[in-house]
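Shown below: upload_1.pdb, with PDB, C-alpha atoms, pLDDT in the B column.
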ATOM      1  CA  MET E   1     -13.675  -1.447 -10.976  1.00 78.00           C
ATOM      2  CA  ILE E   2     -10.345  -0.062 -12.048  1.00 84.00           C
ATOM      3  CA  ARG E   3     -10.043   2.988 -14.240  1.00 89.00           C
ATOM      4  CA  ILE E   4      -8.581   2.367 -17.686  1.00 91.00           C
ATOM      5  CA  GLU E   5      -5.861   5.017 -17.193  1.00 92.00           C
ATOM      6  CA  VAL E   6      -4.467   3.147 -14.215  1.00 93.00           C
ATOM      7  CA  LEU E   7      -4.464  -0.083 -16.212  1.00 94.00           C
ATOM      8  CA  ASN E   8      -2.641   1.656 -19.063  1.00 95.00           C
ATOM      9  CA  PHE E   9      -0.052   3.087 -16.682  1.00 95.00           C
ATOM     10  CA  SER E  10       0.572  -0.288 -15.105  1.00 95.00           C
ATOM     11  CA  PHE E  11       0.838  -1.920 -18.522  1.00 95.00           C
ATOM     12  CA  TYR E  12       3.443   0.589 -19.699  1.00 96.00           C
ATOM     13  CA  VAL E  13       5.438   0.250 -16.483  1.00 96.00           C
ATOM     14  CA  ILE E  14       5.532  -3.547 -16.696  1.00 96.00           C
ATOM     15  CA  CYS E  15       6.503  -3.401 -20.384  1.00 96.00           C
ATOM     16  CA  ALA E  16       9.340  -0.993 -19.540  1.00 95.00           C
ATOM     17  CA  GLY E  17      10.542  -3.469 -16.906  1.00 95.00           C
ATOM     18  CA  ILE E  18      10.481  -6.316 -19.416  1.00 95.00           C
ATOM     19  CA  LEU E  19      12.493  -4.202 -21.875  1.00 96.00           C
ATOM     20  CA  LEU E  20      15.082  -3.485 -19.163  1.00 94.00           C
ATOM     21  CA  ALA E  21      15.332  -7.219 -18.483  1.00 94.00           C
ATOM     22  CA  PHE E  22      15.819  -7.797 -22.218  1.00 95.00           C
ATOM     23  CA  TYR E  23      18.680  -5.313 -22.121  1.00 95.00           C
ATOM     24  CA  ARG E  24      20.310  -7.313 -19.342  1.00 93.00           C
ATOM     25  CA  MET E  25      19.761 -10.501 -21.319  1.00 93.00           C
ATOM     26  CA  TYR E  26      21.452  -8.925 -24.352  1.00 93.00           C
ATOM     27  CA  LYS E  27      24.375  -7.447 -22.454  1.00 90.00           C
ATOM     28  CA  GLY E  28      24.819  -9.804 -19.516  1.00 79.00           C
ATOM     29  CA  PRO E  29      28.446 -10.806 -19.167  1.00 87.00           C
ATOM     30  CA  SER E  30      27.857 -14.315 -17.898  1.00 89.00           C
ATOM     31  CA  LEU E  31      25.358 -17.090 -18.506  1.00 91.00           C
ATOM     32  CA  PRO E  32      23.630 -16.799 -15.081  1.00 91.00           C
ATOM     33  CA  ASP E  33      22.873 -13.150 -15.857  1.00 93.00           C
ATOM     34  CA  ARG E  34      20.918 -14.209 -18.894  1.00 93.00           C
ATOM     35  CA  VAL E  35      19.103 -16.925 -16.959  1.00 93.00           C
ATOM     36  CA  LEU E  36      18.161 -14.371 -14.308  1.00 94.00           C
ATOM     37  CA  ALA E  37      16.872 -12.036 -17.020  1.00 94.00           C
ATOM     38  CA  ALA E  38      14.783 -14.863 -18.489  1.00 94.00           C
ATOM     39  CA  ASP E  39      13.310 -15.546 -15.048  1.00 94.00           C
ATOM     40  CA  VAL E  40      12.324 -11.904 -14.612  1.00 95.00           C
ATOM     41  CA  ILE E  41      10.869 -11.784 -18.138  1.00 95.00           C
ATOM     42  CA  SER E  42       8.657 -14.788 -17.385  1.00 95.00           C
ATOM     43  CA  THR E  43       7.522 -13.059 -14.188  1.00 94.00           C
ATOM     44  CA  GLY E  44       6.634  -9.958 -16.187  1.00 95.00           C
ATOM     45  CA  VAL E  45       4.690 -11.940 -18.771  1.00 95.00           C
ATOM     46  CA  SER E  46       2.656 -13.644 -16.042  1.00 95.00           C
ATOM     47  CA  LEU E  47       1.969 -10.185 -14.571  1.00 95.00           C
ATOM     48  CA  LEU E  48       0.715  -9.098 -17.999  1.00 95.00           C
ATOM     49  CA  ALA E  49      -1.657 -12.085 -17.995  1.00 94.00           C
ATOM     50  CA  VAL E  50      -3.023 -10.987 -14.597  1.00 94.00           C
ATOM     51  CA  LEU E  51      -3.379  -7.477 -16.008  1.00 94.00           C
ATOM     52  CA  TYR E  52      -5.457  -8.794 -18.880  1.00 93.00           C
ATOM     53  CA  CYS E  53      -7.617 -10.535 -16.282  1.00 91.00           C
ATOM     54  CA  LEU E  54      -8.202  -7.192 -14.573  1.00 91.00           C
ATOM     55  CA  PHE E  55      -8.897  -5.547 -17.934  1.00 92.00           C
ATOM     56  CA  SER E  56     -11.533  -8.026 -19.100  1.00 91.00           C
ATOM     57  CA  HIS E  57     -13.063  -8.948 -15.710  1.00 88.00           C
ATOM     58  CA  THR E  58     -12.722 -12.660 -16.349  1.00 87.00           C
ATOM     59  CA  ASP E  59     -10.701 -15.207 -14.444  1.00 85.00           C
ATOM     60  CA  TYR E  60      -9.585 -17.477 -17.279  1.00 89.00           C
ATOM     61  CA  TYR E  61      -6.191 -15.884 -17.644  1.00 91.00           C
ATOM     62  CA  LEU E  62      -5.213 -16.447 -14.014  1.00 92.00           C
ATOM     63  CA  ASP E  63      -4.643 -20.093 -14.899  1.00 92.00           C
ATOM     64  CA  ALA E  64      -2.449 -18.942 -17.776  1.00 93.00           C
ATOM     65  CA  ALA E  65      -0.520 -16.696 -15.381  1.00 93.00           C
ATOM     66  CA  ILE E  66       0.095 -19.562 -12.953  1.00 94.00           C
ATOM     67  CA  ALA E  67       1.183 -21.817 -15.831  1.00 94.00           C
ATOM     68  CA  ILE E  68       3.595 -19.178 -17.191  1.00 94.00           C
ATOM     69  CA  ALA E  69       5.079 -18.712 -13.719  1.00 93.00           C
ATOM     70  CA  LEU E  70       5.495 -22.482 -13.379  1.00 94.00           C
ATOM     71  CA  MET E  71       7.233 -22.651 -16.778  1.00 94.00           C
ATOM     72  CA  GLY E  72       9.622 -19.870 -15.783  1.00 93.00           C
ATOM     73  CA  PHE E  73      10.459 -21.550 -12.486  1.00 94.00           C
ATOM     74  CA  LEU E  74      11.090 -24.917 -14.150  1.00 95.00           C
ATOM     75  CA  GLY E  75      13.256 -23.288 -16.824  1.00 94.00           C
ATOM     76  CA  THR E  76      15.330 -21.521 -14.201  1.00 94.00           C
ATOM     77  CA  ILE E  77      15.818 -24.709 -12.186  1.00 94.00           C
ATOM     78  CA  GLY E  78      16.746 -26.666 -15.299  1.00 94.00           C
ATOM     79  CA  PHE E  79      19.247 -24.061 -16.464  1.00 92.00           C
ATOM     80  CA  SER E  80      20.825 -23.895 -13.011  1.00 92.00           C
ATOM     81  CA  ARG E  81      21.288 -27.662 -12.882  1.00 92.00           C
ATOM     82  CA  PHE E  82      22.747 -27.529 -16.376  1.00 90.00           C
ATOM     83  CA  MET E  83      25.229 -24.818 -15.420  1.00 88.00           C
ATOM     84  CA  GLU E  84      26.348 -26.651 -12.294  1.00 85.00           C
ATOM     85  CA  ARG E  85      26.880 -29.852 -14.223  1.00 84.00           C
ATOM     86  CA  LYS E  86      28.871 -27.977 -16.864  1.00 78.00           C
ATOM     87  CA  ALA E  87      31.082 -26.493 -14.168  1.00 73.00           C
ATOM     88  CA  HIS E  88      31.770 -29.919 -12.677  1.00 71.00           C
ATOM     89  CA  VAL E  89      32.641 -31.339 -16.094  1.00 68.00           C
ATOM     90  CA  HIS E  90      35.149 -28.547 -16.696  1.00 57.00           C
ATOM     91  CA  ASP E  91      36.895 -29.353 -13.436  1.00 54.00           C
TER      92      ASP E  91
ATOM     93  CA  MET A   1     -21.846   1.612  -3.583  1.00 75.00           C
ATOM     94  CA  TYR A   2     -19.235   3.206  -1.353  1.00 81.00           C
ATOM     95  CA  MET A   3     -17.712  -0.179  -0.642  1.00 80.00           C
ATOM     96  CA  ILE A   4     -17.329  -0.818  -4.372  1.00 80.00           C
ATOM     97  CA  LYS A   5     -15.626   2.547  -4.831  1.00 85.00           C
ATOM     98  CA  LEU A   6     -13.355   1.872  -1.882  1.00 88.00           C
ATOM     99  CA  ALA A   7     -12.420  -1.527  -3.315  1.00 88.00           C
ATOM    100  CA  GLY A   8     -11.640   0.147  -6.636  1.00 89.00           C
ATOM    101  CA  TYR A   9      -9.331   2.718  -5.053  1.00 92.00           C
ATOM    102  CA  LEU A  10      -7.605   0.046  -2.964  1.00 92.00           C
ATOM    103  CA  GLY A  11      -7.148  -2.110  -6.056  1.00 92.00           C
ATOM    104  CA  GLU A  12      -5.689   0.807  -8.001  1.00 93.00           C
ATOM    105  CA  PHE A  13      -3.269   1.525  -5.171  1.00 94.00           C
ATOM    106  CA  PHE A  14      -2.088  -2.081  -5.073  1.00 95.00           C
ATOM    107  CA  LEU A  15      -1.813  -2.204  -8.871  1.00 95.00           C
ATOM    108  CA  ILE A  16       0.396   0.893  -9.061  1.00 95.00           C
ATOM    109  CA  PHE A  17       2.421  -0.316  -6.052  1.00 95.00           C
ATOM    110  CA  GLY A  18       3.066  -3.708  -7.626  1.00 95.00           C
ATOM    111  CA  SER A  19       3.952  -2.469 -11.082  1.00 95.00           C
ATOM    112  CA  LEU A  20       6.319   0.169  -9.709  1.00 95.00           C
ATOM    113  CA  PHE A  21       8.033  -2.464  -7.579  1.00 95.00           C
ATOM    114  CA  PHE A  22       8.418  -4.673 -10.632  1.00 95.00           C
ATOM    115  CA  LEU A  23       9.990  -1.713 -12.462  1.00 95.00           C
ATOM    116  CA  ILE A  24      12.349  -1.198  -9.498  1.00 95.00           C
ATOM    117  CA  ALA A  25      13.364  -4.868  -9.726  1.00 94.00           C
ATOM    118  CA  CYS A  26      14.182  -4.544 -13.435  1.00 94.00           C
ATOM    119  CA  LEU A  27      16.064  -1.301 -12.778  1.00 94.00           C
ATOM    120  CA  GLY A  28      18.100  -3.142 -10.155  1.00 94.00           C
ATOM    121  CA  ILE A  29      18.860  -5.879 -12.667  1.00 94.00           C
ATOM    122  CA  VAL A  30      20.237  -3.317 -15.089  1.00 94.00           C
ATOM    123  CA  ARG A  31      22.044  -1.083 -12.613  1.00 93.00           C
ATOM    124  CA  PHE A  32      23.652  -3.327  -9.995  1.00 92.00           C
ATOM    125  CA  PRO A  33      27.340  -4.119 -10.509  1.00 91.00           C
ATOM    126  CA  ASP A  34      27.375  -7.811  -9.708  1.00 90.00           C
ATOM    127  CA  LEU A  35      25.452 -10.988 -10.454  1.00 92.00           C
ATOM    128  CA  TYR A  36      24.700 -11.689  -6.801  1.00 91.00           C
ATOM    129  CA  THR A  37      23.309  -8.231  -6.107  1.00 92.00           C
ATOM    130  CA  ARG A  38      21.246  -8.546  -9.279  1.00 93.00           C
ATOM    131  CA  VAL A  39      19.811 -11.820  -8.024  1.00 94.00           C
ATOM    132  CA  HIS A  40      18.920 -10.147  -4.734  1.00 92.00           C
ATOM    133  CA  ALA A  41      17.136  -7.312  -6.550  1.00 91.00           C
ATOM    134  CA  ALA A  42      15.202  -9.667  -8.817  1.00 91.00           C
ATOM    135  CA  SER A  43      14.147 -11.979  -6.009  1.00 92.00           C
ATOM    136  CA  LYS A  44      12.956  -9.470  -3.423  1.00 92.00           C
ATOM    137  CA  ALA A  45      11.495  -6.619  -5.426  1.00 93.00           C
ATOM    138  CA  ALA A  46       9.896  -8.757  -8.128  1.00 93.00           C
ATOM    139  CA  THR A  47       8.237 -10.902  -5.462  1.00 94.00           C
ATOM    140  CA  LEU A  48       6.812  -7.776  -3.838  1.00 94.00           C
ATOM    141  CA  GLY A  49       5.553  -6.552  -7.207  1.00 94.00           C
ATOM    142  CA  VAL A  50       3.845  -9.867  -7.884  1.00 95.00           C
ATOM    143  CA  ALA A  51       2.275  -9.729  -4.430  1.00 95.00           C
ATOM    144  CA  GLY A  52       0.923  -6.250  -5.113  1.00 95.00           C
ATOM    145  CA  ILE A  53      -0.666  -7.108  -8.446  1.00 95.00           C
ATOM    146  CA  GLY A  54      -2.005 -10.397  -7.064  1.00 94.00           C
ATOM    147  CA  LEU A  55      -3.608  -8.519  -4.168  1.00 94.00           C
ATOM    148  CA  CYS A  56      -5.166  -6.140  -6.705  1.00 94.00           C
ATOM    149  CA  ALA A  57      -6.658  -9.114  -8.563  1.00 93.00           C
ATOM    150  CA  PHE A  58      -7.817 -10.547  -5.228  1.00 93.00           C
ATOM    151  CA  ILE A  59      -9.654  -7.344  -4.406  1.00 92.00           C
ATOM    152  CA  ILE A  60     -11.078  -6.499  -7.833  1.00 91.00           C
ATOM    153  CA  LEU A  61     -12.210  -9.844  -9.225  1.00 88.00           C
ATOM    154  CA  ASP A  62     -15.397 -10.670  -7.385  1.00 84.00           C
ATOM    155  CA  SER A  63     -15.880 -14.396  -7.860  1.00 88.00           C
ATOM    156  CA  THR A  64     -14.558 -16.796  -5.238  1.00 90.00           C
ATOM    157  CA  ALA A  65     -12.651 -18.909  -7.757  1.00 90.00           C
ATOM    158  CA  ALA A  66     -10.749 -15.898  -9.111  1.00 90.00           C
ATOM    159  CA  SER A  67      -9.839 -14.614  -5.652  1.00 91.00           C
ATOM    160  CA  THR A  68      -8.608 -18.021  -4.538  1.00 92.00           C
ATOM    161  CA  ARG A  69      -6.552 -18.400  -7.683  1.00 92.00           C
ATOM    162  CA  SER A  70      -4.919 -15.008  -7.280  1.00 92.00           C
ATOM    163  CA  LEU A  71      -3.969 -15.901  -3.695  1.00 93.00           C
ATOM    164  CA  LEU A  72      -2.565 -19.157  -5.083  1.00 93.00           C
ATOM    165  CA  PHE A  73      -0.556 -17.092  -7.580  1.00 93.00           C
ATOM    166  CA  ILE A  74       0.973 -15.025  -4.773  1.00 94.00           C
ATOM    167  CA  GLY A  75       1.731 -18.108  -2.681  1.00 94.00           C
ATOM    168  CA  PHE A  76       3.353 -19.812  -5.643  1.00 93.00           C
ATOM    169  CA  PHE A  77       5.700 -16.876  -6.155  1.00 93.00           C
ATOM    170  CA  PHE A  78       6.519 -16.680  -2.469  1.00 94.00           C
ATOM    171  CA  LEU A  79       7.487 -20.358  -2.559  1.00 93.00           C
ATOM    172  CA  THR A  80       9.426 -20.476  -5.813  1.00 94.00           C
ATOM    173  CA  ALA A  81      11.283 -17.161  -6.127  1.00 93.00           C
ATOM    174  CA  PRO A  82      13.788 -17.820  -3.267  1.00 94.00           C
ATOM    175  CA  VAL A  83      14.459 -21.334  -4.561  1.00 94.00           C
ATOM    176  CA  ALA A  84      15.121 -20.101  -8.100  1.00 94.00           C
ATOM    177  CA  SER A  85      17.385 -17.250  -6.994  1.00 94.00           C
ATOM    178  CA  HIS A  86      19.316 -19.566  -4.680  1.00 94.00           C
ATOM    179  CA  MET A  87      19.844 -22.050  -7.505  1.00 93.00           C
ATOM    180  CA  ILE A  88      21.035 -19.298  -9.871  1.00 93.00           C
ATOM    181  CA  SER A  89      23.473 -17.939  -7.282  1.00 92.00           C
ATOM    182  CA  ARG A  90      24.885 -21.362  -6.445  1.00 91.00           C
ATOM    183  CA  ALA A  91      25.320 -22.252 -10.109  1.00 91.00           C
ATOM    184  CA  ALA A  92      27.040 -18.925 -10.732  1.00 90.00           C
ATOM    185  CA  TYR A  93      29.418 -19.440  -7.829  1.00 88.00           C
ATOM    186  CA  THR A  94      30.202 -22.930  -9.077  1.00 87.00           C
ATOM    187  CA  LEU A  95      30.855 -21.537 -12.552  1.00 86.00           C
ATOM    188  CA  GLY A  96      33.286 -19.037 -11.048  1.00 83.00           C
ATOM    189  CA  VAL A  97      31.431 -15.760 -11.598  1.00 83.00           C
ATOM    190  CA  HIS A  98      33.381 -13.221  -9.580  1.00 83.00           C
ATOM    191  CA  LEU A  99      32.013 -10.916  -6.940  1.00 84.00           C
ATOM    192  CA  VAL A 100      32.417  -7.189  -7.384  1.00 83.00           C
ATOM    193  CA  PRO A 101      35.886  -6.272  -5.994  1.00 82.00           C
ATOM    194  CA  LYS A 102      34.658  -4.020  -3.189  1.00 84.00           C
ATOM    195  CA  SER A 103      32.329  -6.616  -1.653  1.00 78.00           C
ATOM    196  CA  ALA A 104      33.154  -7.175   1.980  1.00 78.00           C
ATOM    197  CA  ARG A 105      33.284 -10.892   2.696  1.00 80.00           C
ATOM    198  CA  ASP A 106      33.127 -14.208   0.885  1.00 78.00           C
ATOM    199  CA  ASP A 107      32.482 -17.076   3.253  1.00 77.00           C
ATOM    200  CA  LEU A 108      32.191 -19.747   0.572  1.00 76.00           C
ATOM    201  CA  LYS A 109      35.766 -19.136  -0.522  1.00 77.00           C
ATOM    202  CA  LYS A 110      37.063 -20.410   2.826  1.00 75.00           C
ATOM    203  CA  SER A 111      34.882 -23.506   2.845  1.00 72.00           C
ATOM    204  CA  GLY A 112      36.608 -25.054  -0.159  1.00 66.00           C
ATOM    205  CA  HIS A 113      33.566 -26.852  -1.497  1.00 63.00           C
ATOM    206  CA  PHE A 114      33.695 -25.061  -4.819  1.00 62.00           C
ATOM    207  CA  ALA A 115      36.613 -26.148  -6.943  1.00 51.00           C
ATOM    208  CA  SER A 116      36.500 -23.230  -9.345  1.00 51.00           C
ATOM    209  CA  GLU A 117      37.300 -20.655  -6.659  1.00 47.00           C
ATOM    210  CA  LYS A 118      40.428 -22.294  -5.261  1.00 43.00           C
TER     211      LYS A 118
END
Once you've parsed the file, please lay out its structure as structure tokens.
Amino acid sequence: MIRIEVLNFSFYVICAGILLAFYRMYKGPSLPDRVLAADVISTGVSLLAVLYCLFSHTDYYLDAAIAIALMGFLGTIGFSRFMERKAHVHD
Amino acid sequence: MYMIKLAGYLGEFFLIFGSLFFLIACLGIVRFPDLYTRVHAASKAATLGVAGIGLCAFIILDSTAASTRSLLFIGFFFLTAPVASHMISRAAYTLGVHLVPKSARDDLKKSGHFASEK
């Protein structure tokens, strides 16, 4: 059993990390910076799903966390392939 | 009773550990000077943060299905985070994103495989 203060602290810390990643996504000078920020944001959202699991003592949201992580990974891979293909076209 | 309390303290430790490491990863993304160093920060520290919070879920949630799924969550991140960061770095190098000027060596520049860096 986890105390609610610790859960609140962890929630605020993860939300601060997601906001920092949003800052990098807003500012990032190149396209891969933004893709990296999107990857980290998807990681943070899956961590929030695990945190809700710990908060409610159920295990339904672990499946959601795994699915969100899978979506983030597939998005990153797709964007990377897209960027490489764009670079080859410009040559 | 004492075992339950001990599991709670251990879970709290892993939870704080993991969330702080995730914050360190995001701080590295904002503060590092270069795309490649940012990728390194995101890959390593965020993976450690995910491992910490997954271990907390493994300890706290007391059904077998939940514990197995949280271990699966950790294993998934350990498998996919290096692949994703490698793909991002290779795409960035192909696009011609420059390294920070004081970086020491650039072995891919000599190999000549990447047309945008010639």
Show me, as a VMD selection string, the residues of chain E whose atoms get within 6 Å of chain A, using all atoms listed in the file for the distance check. chain E and resid 1 to 2 10 14 17 20 to 21 24 32 59 66 80 83 to 84 87
Restricting the calculation to only C-alpha atoms, which member of E:Ala64, E:Tyr23, E:Leu48, E:Leu70 is positioned closest to Leu36 (chain E)?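 Once distances to Leu36 (chain E) are computed over only C-alpha atoms, the minimum belongs to E:Tyr23.
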Could you state the separation of CA of Thr37 (chain A) and CA of Ala16 (chain E) in Å, given to one decimal place?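 Pair CA of Thr37 (chain A) / CA of Ala16 (chain E) returns 20.7 Å.
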Compare A:Ser111, A:Thr68, A:Leu99, A:Leu48 by their minimum atom-to-atom distance to Thr43 (chain E), counting only C-alpha atoms, and give me the closest one.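 Distance minimum relative to Thr43 (chain E) lands on A:Leu48.
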Hey, can you check how far CA of Met71 (chain E) sits from CA of Ala45 (chain A)?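 Separation of CA of Met71 (chain E) and CA of Ala45 (chain A): 20.1 Å.
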In Å, rounded to a single decimal, give me how far CA of Phe79 (chain E) is from CA of Val35 (chain E). 7.2 Å
Take the PyMOL selection byres ((chain E and resi 55) around 10), run it mentally on this structure, and tell me the resulting residues as a PyMOL selection string. chain E and resi 1-4+7-8+49-54+56-58
One residue among E:Phe82, E:Ile18, E:Phe11, E:Ala69 is nearest to Ala37 (chain E) when using all atoms listed in the file, and that residue is E:Ile18
Give, as AutoDock Vina command-line options, the centre coordinates and the x, y and z edge lengths in Å to one decimal for an axis-aligned box around all listed atoms of region 46-55 of chain E, padded by 4 Å on each side.
--center_x -3.1 --center_y -9.6 --center_z -16.7 --size_x 19.6 --size_y 16.1 --size_z 12.3
